[in-house]
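This report refers to the structure that appears directly beneath it.
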Protein chains: 2
Amino acid sequence: MISFEGFRPVDGVPIYLQIMNYIKRGCVAGTIVKGDVLPSRRYLSALLGINPMTVQKAFKMLEDEGLITTLQGSGSVIIADDESINRIKLELLEGEIRKMTEYFKQMNISQQKAIELLEEYWEDADNE
Amino acid sequence: MISFEGFRPVDGVPIYLQIMNYIKRGCVAGTIVKGDVLPSRRYLSALLGINPMTVQKAFKMLEDEGLITTLQGSGSVIIADDESINRIKLELLEGEIRKMTEYFKQMNISQQKAIELLEEYWEDADNE
DNA sequence: TCAACTGTATTATAGGAGTAATACACTATG
DNA sequence: CATAGTGTATTACTCCTATAATACAGTTGA
């Protein structure tokens, strides 16, 4: 069963989103793989001290995204294979990229200049 | 006085943010410069068919960012010159880019792939 | 079968964000 | 110094989101 030992919720971000992202990151990192079983809604909610419906919301959205499947009365299981996980990996980036491109455009930075800036800070990060 | 002729508010985004960004884009584009006078809260609110306090919120935030200054009973004026505008924008970009490159690297995205993604979402934003 | 587990649908509550109504305070100008 | 303009503080209303309470429905296994 998938462990939530390393799960450290943070204030200011909806818990259901943090639960979702915890699972997603686990999949991307390879620590969670196809066939792994999720804890029950009630068990996890008790563990985290929240309402089962909050966990339900997170799991429901993961199901809508095709990451897990659920059988009423039984539980939920990871069904995403490497290919779909790779898609999720790119989706996680989408939000960040959108924010950045919006930012650039709002400031009238050209695409070429944006790429130059990215390259510049990429080098800087390499040297840290 | 700064014109709001080209201002076309969009549903789904807070009006006060759209007002802020309209001014910011004008400054970056050079169509709004230091010394330009903003319309009064009441005048602009009547023009847009909204409450004066909504305009006030936008102007107050522009003031907090150092873009304009306000004298009670008189009105608001642009105080940021081209140099300080450019400096502020680049400062804001730096934080975003750093976060961005960190994000990419954590997910093992290559620099080349990162640039590809940036180009892709740049196109998407153009088509909106 | 039945008890104890599982998921789910519906409804309610709390809080925040965006916006507005109102009254107040200051400035400009005749 | 009066009046009509200006900005501002306080308060409240509305909508939506996040979360919870409750009751219902399916599965499992001794």
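By convention in this document, the chains of the structure tokens carry letters A, B, ... by their order, each chain's residues are numbered from 1, and ligands are numbered from 1 in the order they are shown.
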In chain A, DSSP alpha helix (DSSP H) residues written as a ChimeraX atom specification: /A:15-29,41-48,52-64,82-106,111-126
Dump as a compact mmCIF listing (two decimals), in the first residue's frame, selection limited to C-alpha atoms:
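That gives us part_21.txt:
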```
# COMPACT_ATOMS: atom_id res chain seq x y z
CA ILE A 15 -5.21 19.67 1.03
CA TYR A 16 -6.92 17.77 -1.76
CA LEU A 17 -4.48 19.32 -4.24
CA GLN A 18 -1.52 18.40 -2.07
CA ILE A 19 -2.74 14.82 -1.87
CA MET A 20 -3.11 14.74 -5.65
CA ASN A 21 0.34 16.15 -6.24
CA TYR A 22 1.91 13.80 -3.71
CA ILE A 23 0.65 10.87 -5.76
CA LYS A 24 1.60 12.48 -9.04
CA ARG A 25 5.12 13.28 -7.92
CA GLY A 26 5.51 9.75 -6.62
CA CYS A 27 4.56 8.43 -10.05
CA VAL A 28 6.91 10.79 -11.84
CA ALA A 29 9.74 9.89 -9.47
CA ARG A 41 -10.58 7.16 1.97
CA ARG A 42 -11.40 6.65 5.64
CA TYR A 43 -7.99 5.35 6.63
CA LEU A 44 -6.11 8.18 4.97
CA SER A 45 -8.52 10.83 6.26
CA ALA A 46 -8.05 9.56 9.81
CA LEU A 47 -4.27 9.51 9.31
CA LEU A 48 -4.27 13.12 8.12
CA PRO A 52 -13.02 11.42 4.12
CA MET A 53 -14.72 13.53 1.44
CA THR A 54 -11.61 15.65 1.10
CA VAL A 55 -9.60 12.55 0.30
CA GLN A 56 -12.42 11.46 -1.98
CA LYS A 57 -12.12 14.71 -3.91
CA ALA A 58 -8.41 14.15 -4.48
CA PHE A 59 -8.90 10.52 -5.53
CA LYS A 60 -11.83 11.39 -7.77
CA MET A 61 -9.72 13.89 -9.66
CA LEU A 62 -6.88 11.42 -10.01
CA GLU A 63 -9.42 9.00 -11.44
CA ASP A 64 -10.75 11.63 -13.85
CA ASP A 82 5.06 4.90 -18.02
CA GLU A 83 3.64 6.56 -21.10
CA SER A 84 0.71 8.26 -19.38
CA ILE A 85 2.95 9.18 -16.47
CA ASN A 86 5.22 10.96 -18.88
CA ARG A 87 2.21 12.90 -20.08
CA ILE A 88 1.42 13.87 -16.50
CA LYS A 89 4.99 14.94 -16.02
CA LEU A 90 4.60 17.39 -18.86
CA GLU A 91 1.22 18.51 -17.51
CA LEU A 92 2.81 19.36 -14.19
CA LEU A 93 5.16 21.63 -16.10
CA GLU A 94 2.35 23.23 -18.06
CA GLY A 95 1.16 25.44 -15.24
CA GLU A 96 4.65 26.72 -14.57
CA ILE A 97 5.34 27.39 -18.21
CA ARG A 98 2.04 29.17 -18.69
CA LYS A 99 2.79 31.43 -15.76
CA MET A 100 6.20 32.21 -17.15
CA THR A 101 5.08 32.93 -20.70
CA GLU A 102 2.32 35.17 -19.34
CA TYR A 103 4.91 36.94 -17.28
CA PHE A 104 7.21 37.43 -20.24
CA LYS A 105 4.47 38.71 -22.47
CA GLN A 106 3.09 41.10 -19.93
CA GLN A 111 10.39 35.02 -27.39
CA GLN A 112 14.02 35.23 -28.42
CA LYS A 113 14.88 37.28 -25.35
CA ALA A 114 12.95 34.83 -23.18
CA ILE A 115 14.99 31.94 -24.49
CA GLU A 116 18.20 33.89 -23.89
CA LEU A 117 17.18 34.53 -20.30
CA LEU A 118 16.33 30.87 -19.79
CA GLU A 119 19.72 29.81 -21.13
CA GLU A 120 21.46 32.36 -18.95
CA TYR A 121 19.85 31.18 -15.75
CA TRP A 122 20.30 27.58 -16.76
CA GLU A 123 24.07 28.16 -16.82
CA ASP A 124 23.91 29.91 -13.45
CA ALA A 125 22.07 27.00 -11.92
CA ASP A 126 24.68 24.60 -13.27
```
Long-range neighbours of region 74-79 of chain B as JSON, numbers by chain, 10 Å cut-off, only C-alpha atoms (C1' of nucleotides), 2 positions minimum in chain: {"B": [1, 2, 23, 27, 32, 33, 34, 35, 36, 37, 38, 39, 40, 41, 59, 60, 62, 63, 66, 67, 68, 69, 70, 71, 72, 81, 82, 84, 85], "C": [26, 27, 28], "D": [5, 6, 7]}
Since chain B and chain A share a sequence, can you fit the second onto the first over all C-alpha atoms in order and output it as a short mmCIF file (atom, residue, chain, number, x, y, z; two decimals) with N, CA and C atoms, in the first residue's frame?
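The result, stored in superposed01.cif:
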```
data_model
loop_
_atom_site.label_atom_id
_atom_site.label_comp_id
_atom_site.auth_asym_id
_atom_site.auth_seq_id
_atom_site.Cartn_x
_atom_site.Cartn_y
_atom_site.Cartn_z
N MET A 1 -5.58 62.88 -19.83
CA MET A 1 -5.91 61.86 -18.82
C MET A 1 -5.93 60.48 -19.44
N ILE A 2 -5.40 59.53 -18.71
CA ILE A 2 -5.32 58.16 -19.21
C ILE A 2 -6.71 57.60 -19.47
N SER A 3 -6.89 57.05 -20.66
CA SER A 3 -8.21 56.53 -21.06
C SER A 3 -8.39 55.07 -20.66
N PHE A 4 -9.61 54.75 -20.30
CA PHE A 4 -9.93 53.34 -19.99
C PHE A 4 -10.89 52.76 -21.02
N GLU A 5 -10.87 53.36 -22.21
CA GLU A 5 -11.76 52.87 -23.28
C GLU A 5 -11.49 51.41 -23.62
N GLY A 6 -10.22 51.07 -23.70
CA GLY A 6 -9.87 49.71 -24.09
C GLY A 6 -9.87 48.71 -22.95
N PHE A 7 -10.35 49.15 -21.81
CA PHE A 7 -10.33 48.27 -20.64
C PHE A 7 -11.55 47.37 -20.62
N ARG A 8 -11.29 46.07 -20.74
CA ARG A 8 -12.39 45.10 -20.76
C ARG A 8 -12.18 44.09 -19.65
N PRO A 9 -12.75 44.37 -18.46
CA PRO A 9 -12.54 43.44 -17.33
C PRO A 9 -13.08 42.06 -17.62
N VAL A 10 -12.43 41.07 -17.03
CA VAL A 10 -12.76 39.67 -17.26
C VAL A 10 -13.18 39.04 -15.94
N ASP A 11 -14.14 38.14 -16.01
CA ASP A 11 -14.57 37.44 -14.80
C ASP A 11 -13.48 36.49 -14.31
N GLY A 12 -13.44 36.32 -12.99
CA GLY A 12 -12.54 35.34 -12.43
C GLY A 12 -11.21 35.91 -11.98
N VAL A 13 -10.93 37.14 -12.38
CA VAL A 13 -9.70 37.80 -11.94
C VAL A 13 -10.07 39.06 -11.18
N PRO A 14 -9.51 39.28 -9.99
CA PRO A 14 -9.82 40.47 -9.19
C PRO A 14 -9.72 41.75 -10.01
N ILE A 15 -10.74 42.60 -9.91
CA ILE A 15 -10.77 43.81 -10.72
C ILE A 15 -9.59 44.72 -10.42
N TYR A 16 -9.21 44.79 -9.15
CA TYR A 16 -8.11 45.69 -8.80
C TYR A 16 -6.82 45.25 -9.49
N LEU A 17 -6.65 43.93 -9.66
CA LEU A 17 -5.47 43.43 -10.36
C LEU A 17 -5.54 43.78 -11.84
N GLN A 18 -6.73 43.69 -12.40
CA GLN A 18 -6.89 43.99 -13.82
C GLN A 18 -6.62 45.47 -14.09
N ILE A 19 -7.06 46.31 -13.16
CA ILE A 19 -6.78 47.74 -13.30
C ILE A 19 -5.27 47.98 -13.24
N MET A 20 -4.63 47.35 -12.26
CA MET A 20 -3.17 47.48 -12.14
C MET A 20 -2.47 47.08 -13.43
N ASN A 21 -2.84 45.90 -13.94
CA ASN A 21 -2.15 45.37 -15.10
C ASN A 21 -2.45 46.19 -16.36
N TYR A 22 -3.64 46.78 -16.41
CA TYR A 22 -3.97 47.64 -17.55
C TYR A 22 -3.00 48.81 -17.62
N ILE A 23 -2.74 49.40 -16.46
CA ILE A 23 -1.79 50.51 -16.39
C ILE A 23 -0.37 50.03 -16.72
N LYS A 24 0.00 48.92 -16.12
CA LYS A 24 1.35 48.40 -16.34
C LYS A 24 1.60 48.09 -17.80
N ARG A 25 0.62 47.42 -18.42
CA ARG A 25 0.80 47.06 -19.83
C ARG A 25 0.88 48.30 -20.71
N GLY A 26 0.07 49.31 -20.33
CA GLY A 26 0.13 50.57 -21.08
C GLY A 26 1.52 51.18 -21.01
N CYS A 27 2.11 51.12 -19.82
CA CYS A 27 3.47 51.66 -19.65
C CYS A 27 4.48 50.87 -20.47
N VAL A 28 4.38 49.57 -20.40
CA VAL A 28 5.31 48.71 -21.14
C VAL A 28 5.16 48.93 -22.64
N ALA A 29 3.92 49.11 -23.08
CA ALA A 29 3.67 49.30 -24.52
C ALA A 29 4.01 50.71 -24.98
N GLY A 30 4.15 51.64 -24.02
CA GLY A 30 4.49 53.01 -24.39
C GLY A 30 3.29 53.90 -24.63
N THR A 31 2.08 53.38 -24.45
CA THR A 31 0.88 54.19 -24.65
C THR A 31 0.59 55.04 -23.41
N ILE A 32 1.24 54.68 -22.31
CA ILE A 32 1.16 55.48 -21.09
C ILE A 32 2.58 55.87 -20.70
N VAL A 33 2.79 57.18 -20.49
CA VAL A 33 4.16 57.63 -20.21
C VAL A 33 4.19 58.52 -18.98
N LYS A 34 5.40 58.79 -18.52
CA LYS A 34 5.64 59.63 -17.36
C LYS A 34 4.92 60.97 -17.50
N GLY A 35 4.20 61.36 -16.46
CA GLY A 35 3.48 62.63 -16.48
C GLY A 35 2.00 62.48 -16.79
N ASP A 36 1.62 61.35 -17.35
CA ASP A 36 0.20 61.12 -17.65
C ASP A 36 -0.60 61.09 -16.35
N VAL A 37 -1.79 61.67 -16.41
CA VAL A 37 -2.63 61.79 -15.22
C VAL A 37 -3.69 60.69 -15.20
N LEU A 38 -3.84 60.06 -14.04
CA LEU A 38 -4.85 59.02 -13.87
C LEU A 38 -6.20 59.66 -13.54
N PRO A 39 -7.27 59.01 -13.95
CA PRO A 39 -8.60 59.49 -13.56
C PRO A 39 -8.75 59.39 -12.04
N SER A 40 -9.67 60.16 -11.49
CA SER A 40 -9.87 60.10 -10.04
C SER A 40 -10.49 58.77 -9.64
N ARG A 41 -10.31 58.40 -8.36
CA ARG A 41 -10.88 57.15 -7.85
C ARG A 41 -12.38 57.10 -8.11
N ARG A 42 -13.05 58.21 -7.79
CA ARG A 42 -14.52 58.21 -7.92
C ARG A 42 -14.96 58.15 -9.39
N TYR A 43 -14.27 58.91 -10.22
CA TYR A 43 -14.65 58.92 -11.64
C TYR A 43 -14.51 57.53 -12.25
N LEU A 44 -13.35 56.92 -12.03
CA LEU A 44 -13.09 55.61 -12.62
C LEU A 44 -14.03 54.55 -12.05
N SER A 45 -14.29 54.63 -10.74
CA SER A 45 -15.18 53.64 -10.13
C SER A 45 -16.59 53.75 -10.70
N ALA A 46 -17.03 54.99 -10.96
CA ALA A 46 -18.35 55.18 -11.55
C ALA A 46 -18.36 54.64 -12.99
N LEU A 47 -17.27 54.91 -13.71
CA LEU A 47 -17.15 54.44 -15.09
C LEU A 47 -17.24 52.91 -15.17
N LEU A 48 -16.59 52.25 -14.21
CA LEU A 48 -16.53 50.79 -14.23
C LEU A 48 -17.67 50.15 -13.44
N GLY A 49 -18.43 50.99 -12.73
CA GLY A 49 -19.54 50.45 -11.95
C GLY A 49 -19.09 49.69 -10.73
N ILE A 50 -18.00 50.14 -10.11
CA ILE A 50 -17.48 49.48 -8.90
C ILE A 50 -17.29 50.51 -7.80
N ASN A 51 -16.80 50.03 -6.65
CA ASN A 51 -16.60 50.89 -5.50
C ASN A 51 -15.28 51.66 -5.59
N PRO A 52 -15.28 52.92 -5.18
CA PRO A 52 -14.04 53.70 -5.25
C PRO A 52 -12.87 53.04 -4.52
N MET A 53 -13.16 52.30 -3.45
CA MET A 53 -12.08 51.69 -2.69
C MET A 53 -11.38 50.57 -3.45
N THR A 54 -12.09 50.00 -4.41
CA THR A 54 -11.47 48.98 -5.25
C THR A 54 -10.45 49.62 -6.18
N VAL A 55 -10.82 50.78 -6.72
CA VAL A 55 -9.86 51.53 -7.53
C VAL A 55 -8.70 51.99 -6.65
N GLN A 56 -9.05 52.44 -5.46
CA GLN A 56 -8.02 52.89 -4.52
C GLN A 56 -6.98 51.80 -4.26
N LYS A 57 -7.47 50.57 -4.12
CA LYS A 57 -6.56 49.45 -3.85
C LYS A 57 -5.57 49.27 -4.99
N ALA A 58 -6.09 49.35 -6.22
CA ALA A 58 -5.22 49.21 -7.39
C ALA A 58 -4.19 50.35 -7.43
N PHE A 59 -4.66 51.57 -7.23
CA PHE A 59 -3.76 52.73 -7.31
C PHE A 59 -2.73 52.70 -6.18
N LYS A 60 -3.19 52.28 -5.01
CA LYS A 60 -2.27 52.21 -3.87
C LYS A 60 -1.12 51.24 -4.15
N MET A 61 -1.44 50.14 -4.79
CA MET A 61 -0.41 49.15 -5.07
C MET A 61 0.53 49.66 -6.16
N LEU A 62 -0.01 50.38 -7.13
CA LEU A 62 0.84 50.97 -8.15
C LEU A 62 1.78 51.98 -7.51
N GLU A 63 1.27 52.69 -6.50
CA GLU A 63 2.10 53.67 -5.80
C GLU A 63 3.20 52.96 -5.01
N ASP A 64 2.82 51.87 -4.34
CA ASP A 64 3.80 51.10 -3.57
C ASP A 64 4.91 50.56 -4.47
N GLU A 65 4.57 50.33 -5.73
CA GLU A 65 5.56 49.80 -6.67
C GLU A 65 6.36 50.92 -7.34
N GLY A 66 5.99 52.17 -7.00
CA GLY A 66 6.75 53.30 -7.53
C GLY A 66 6.38 53.70 -8.94
N LEU A 67 5.23 53.21 -9.40
CA LEU A 67 4.82 53.52 -10.77
C LEU A 67 4.11 54.86 -10.85
N ILE A 68 3.39 55.20 -9.79
CA ILE A 68 2.66 56.47 -9.77
C ILE A 68 2.91 57.17 -8.44
N THR A 69 2.53 58.43 -8.39
CA THR A 69 2.55 59.15 -7.12
C THR A 69 1.20 59.82 -6.93
N THR A 70 0.86 60.08 -5.68
CA THR A 70 -0.48 60.58 -5.37
C THR A 70 -0.40 61.73 -4.38
N LEU A 71 -1.23 62.75 -4.60
CA LEU A 71 -1.34 63.85 -3.64
C LEU A 71 -2.79 63.95 -3.20
N GLN A 72 -2.99 63.79 -1.89
CA GLN A 72 -4.37 63.80 -1.39
C GLN A 72 -5.09 65.08 -1.79
N GLY A 73 -6.28 64.92 -2.28
CA GLY A 73 -7.09 66.06 -2.72
C GLY A 73 -6.84 66.45 -4.15
N SER A 74 -5.74 65.94 -4.71
CA SER A 74 -5.39 66.33 -6.07
C SER A 74 -5.55 65.19 -7.07
N GLY A 75 -4.83 64.10 -6.87
CA GLY A 75 -4.94 62.97 -7.79
C GLY A 75 -3.64 62.22 -7.95
N SER A 76 -3.59 61.37 -8.96
CA SER A 76 -2.42 60.52 -9.17
C SER A 76 -1.82 60.73 -10.55
N VAL A 77 -0.53 60.50 -10.65
CA VAL A 77 0.23 60.77 -11.87
C VAL A 77 1.29 59.69 -12.05
N ILE A 78 1.54 59.35 -13.31
CA ILE A 78 2.61 58.39 -13.63
C ILE A 78 3.97 59.03 -13.38
N ILE A 79 4.85 58.37 -12.63
CA ILE A 79 6.19 58.91 -12.40
C ILE A 79 7.30 57.99 -12.90
N ALA A 80 6.93 56.77 -13.33
CA ALA A 80 7.95 55.80 -13.73
C ALA A 80 8.61 56.21 -15.04
N ASP A 81 9.94 56.21 -15.06
CA ASP A 81 10.67 56.50 -16.30
C ASP A 81 10.94 55.19 -17.03
N ASP A 82 11.59 55.31 -18.19
CA ASP A 82 11.83 54.13 -19.03
C ASP A 82 12.55 53.03 -18.27
N GLU A 83 13.49 53.45 -17.43
CA GLU A 83 14.30 52.46 -16.73
C GLU A 83 13.45 51.62 -15.78
N SER A 84 12.63 52.30 -14.96
CA SER A 84 11.83 51.55 -13.99
C SER A 84 10.74 50.76 -14.69
N ILE A 85 10.29 51.29 -15.85
CA ILE A 85 9.29 50.54 -16.61
C ILE A 85 9.88 49.24 -17.14
N ASN A 86 11.14 49.32 -17.52
CA ASN A 86 11.80 48.10 -17.99
C ASN A 86 11.88 47.06 -16.87
N ARG A 87 12.09 47.57 -15.65
CA ARG A 87 12.12 46.67 -14.50
C ARG A 87 10.75 46.00 -14.33
N ILE A 88 9.70 46.80 -14.47
CA ILE A 88 8.34 46.27 -14.34
C ILE A 88 8.07 45.22 -15.41
N LYS A 89 8.57 45.52 -16.60
CA LYS A 89 8.40 44.58 -17.71
C LYS A 89 8.95 43.21 -17.33
N LEU A 90 10.11 43.22 -16.72
CA LEU A 90 10.72 41.96 -16.31
C LEU A 90 9.94 41.33 -15.16
N GLU A 91 9.40 42.19 -14.28
CA GLU A 91 8.61 41.67 -13.16
C GLU A 91 7.36 40.97 -13.65
N LEU A 92 6.75 41.53 -14.70
CA LEU A 92 5.56 40.89 -15.26
C LEU A 92 5.89 39.48 -15.73
N LEU A 93 7.11 39.33 -16.24
CA LEU A 93 7.53 38.02 -16.73
C LEU A 93 7.82 37.05 -15.59
N GLU A 94 8.21 37.62 -14.45
CA GLU A 94 8.67 36.79 -13.34
C GLU A 94 7.66 35.72 -12.97
N GLY A 95 6.40 36.14 -12.81
CA GLY A 95 5.37 35.18 -12.42
C GLY A 95 5.29 34.03 -13.40
N GLU A 96 5.30 34.35 -14.67
CA GLU A 96 5.20 33.32 -15.70
C GLU A 96 6.40 32.38 -15.65
N ILE A 97 7.57 32.96 -15.50
CA ILE A 97 8.77 32.14 -15.49
C ILE A 97 8.79 31.23 -14.27
N ARG A 98 8.39 31.79 -13.13
CA ARG A 98 8.35 30.98 -11.91
C ARG A 98 7.44 29.79 -12.09
N LYS A 99 6.26 30.05 -12.66
CA LYS A 99 5.32 28.96 -12.88
C LYS A 99 5.95 27.88 -13.74
N MET A 100 6.63 28.34 -14.79
CA MET A 100 7.19 27.39 -15.73
C MET A 100 8.32 26.58 -15.10
N THR A 101 9.22 27.25 -14.40
CA THR A 101 10.32 26.51 -13.78
C THR A 101 9.80 25.53 -12.74
N GLU A 102 8.77 25.93 -11.98
CA GLU A 102 8.16 25.01 -11.03
C GLU A 102 7.64 23.77 -11.76
N TYR A 103 6.97 24.06 -12.84
CA TYR A 103 6.39 23.01 -13.67
C TYR A 103 7.46 22.04 -14.13
N PHE A 104 8.53 22.60 -14.67
CA PHE A 104 9.62 21.77 -15.17
C PHE A 104 10.19 20.90 -14.05
N LYS A 105 10.43 21.52 -12.93
CA LYS A 105 11.08 20.80 -11.84
C LYS A 105 10.20 19.70 -11.28
N GLN A 106 8.93 20.02 -11.18
CA GLN A 106 8.00 19.02 -10.66
C GLN A 106 8.03 17.78 -11.53
N MET A 107 8.35 17.96 -12.78
CA MET A 107 8.36 16.84 -13.71
C MET A 107 9.75 16.30 -13.95
N ASN A 108 10.69 16.74 -13.13
CA ASN A 108 12.06 16.25 -13.25
C ASN A 108 12.66 16.51 -14.62
N ILE A 109 12.30 17.66 -15.21
CA ILE A 109 12.92 18.06 -16.47
C ILE A 109 14.20 18.81 -16.13
N SER A 110 15.31 18.43 -16.77
CA SER A 110 16.57 19.11 -16.48
C SER A 110 16.56 20.51 -17.08
N GLN A 111 17.44 21.35 -16.58
CA GLN A 111 17.52 22.71 -17.11
C GLN A 111 17.86 22.68 -18.60
N GLN A 112 18.78 21.78 -18.94
CA GLN A 112 19.18 21.69 -20.36
C GLN A 112 17.99 21.29 -21.22
N LYS A 113 17.23 20.32 -20.74
CA LYS A 113 16.06 19.86 -21.49
C LYS A 113 15.03 20.98 -21.58
N ALA A 114 14.90 21.75 -20.51
CA ALA A 114 13.95 22.86 -20.50
C ALA A 114 14.29 23.88 -21.57
N ILE A 115 15.58 24.18 -21.67
CA ILE A 115 16.02 25.14 -22.68
C ILE A 115 15.78 24.60 -24.08
N GLU A 116 16.02 23.30 -24.25
CA GLU A 116 15.76 22.68 -25.56
C GLU A 116 14.29 22.82 -25.95
N LEU A 117 13.42 22.54 -24.98
CA LEU A 117 11.99 22.65 -25.24
C LEU A 117 11.60 24.08 -25.61
N LEU A 118 12.17 25.03 -24.87
CA LEU A 118 11.87 26.44 -25.14
C LEU A 118 12.28 26.81 -26.56
N GLU A 119 13.49 26.38 -26.95
CA GLU A 119 13.97 26.66 -28.30
C GLU A 119 13.06 26.03 -29.35
N GLU A 120 12.65 24.80 -29.06
CA GLU A 120 11.81 24.08 -30.02
C GLU A 120 10.50 24.82 -30.27
N TYR A 121 9.86 25.23 -29.18
CA TYR A 121 8.57 25.89 -29.34
C TYR A 121 8.73 27.32 -29.82
N TRP A 122 9.89 27.88 -29.63
CA TRP A 122 10.16 29.20 -30.16
C TRP A 122 10.16 29.12 -31.69
N GLU A 123 10.82 28.11 -32.24
CA GLU A 123 10.84 27.90 -33.69
C GLU A 123 9.43 27.71 -34.21
N ASP A 124 8.67 26.85 -33.53
CA ASP A 124 7.29 26.59 -33.95
C ASP A 124 6.48 27.87 -34.04
N ALA A 125 6.65 28.71 -33.02
CA ALA A 125 5.88 29.95 -32.99
C ALA A 125 6.29 30.86 -34.14
N ASP A 126 7.57 30.82 -34.52
CA ASP A 126 8.04 31.64 -35.62
C ASP A 126 7.37 31.25 -36.93
N ASN A 127 7.06 29.95 -37.06
CA ASN A 127 6.52 29.46 -38.32
C ASN A 127 4.99 29.59 -38.41
N GLU A 128 4.38 30.21 -37.41
CA GLU A 128 2.92 30.31 -37.46
C GLU A 128 2.47 31.61 -38.09
#
```
Those in chain B with strand (DSSP E) from DSSP, as a PyMOL selection string: chain B and resi 68-71+75-78
Chain A contacts on chain C, only C-alpha atoms (C1' of nucleotides), 9 Å, as a PyMOL selection string: chain C and resi 5-8
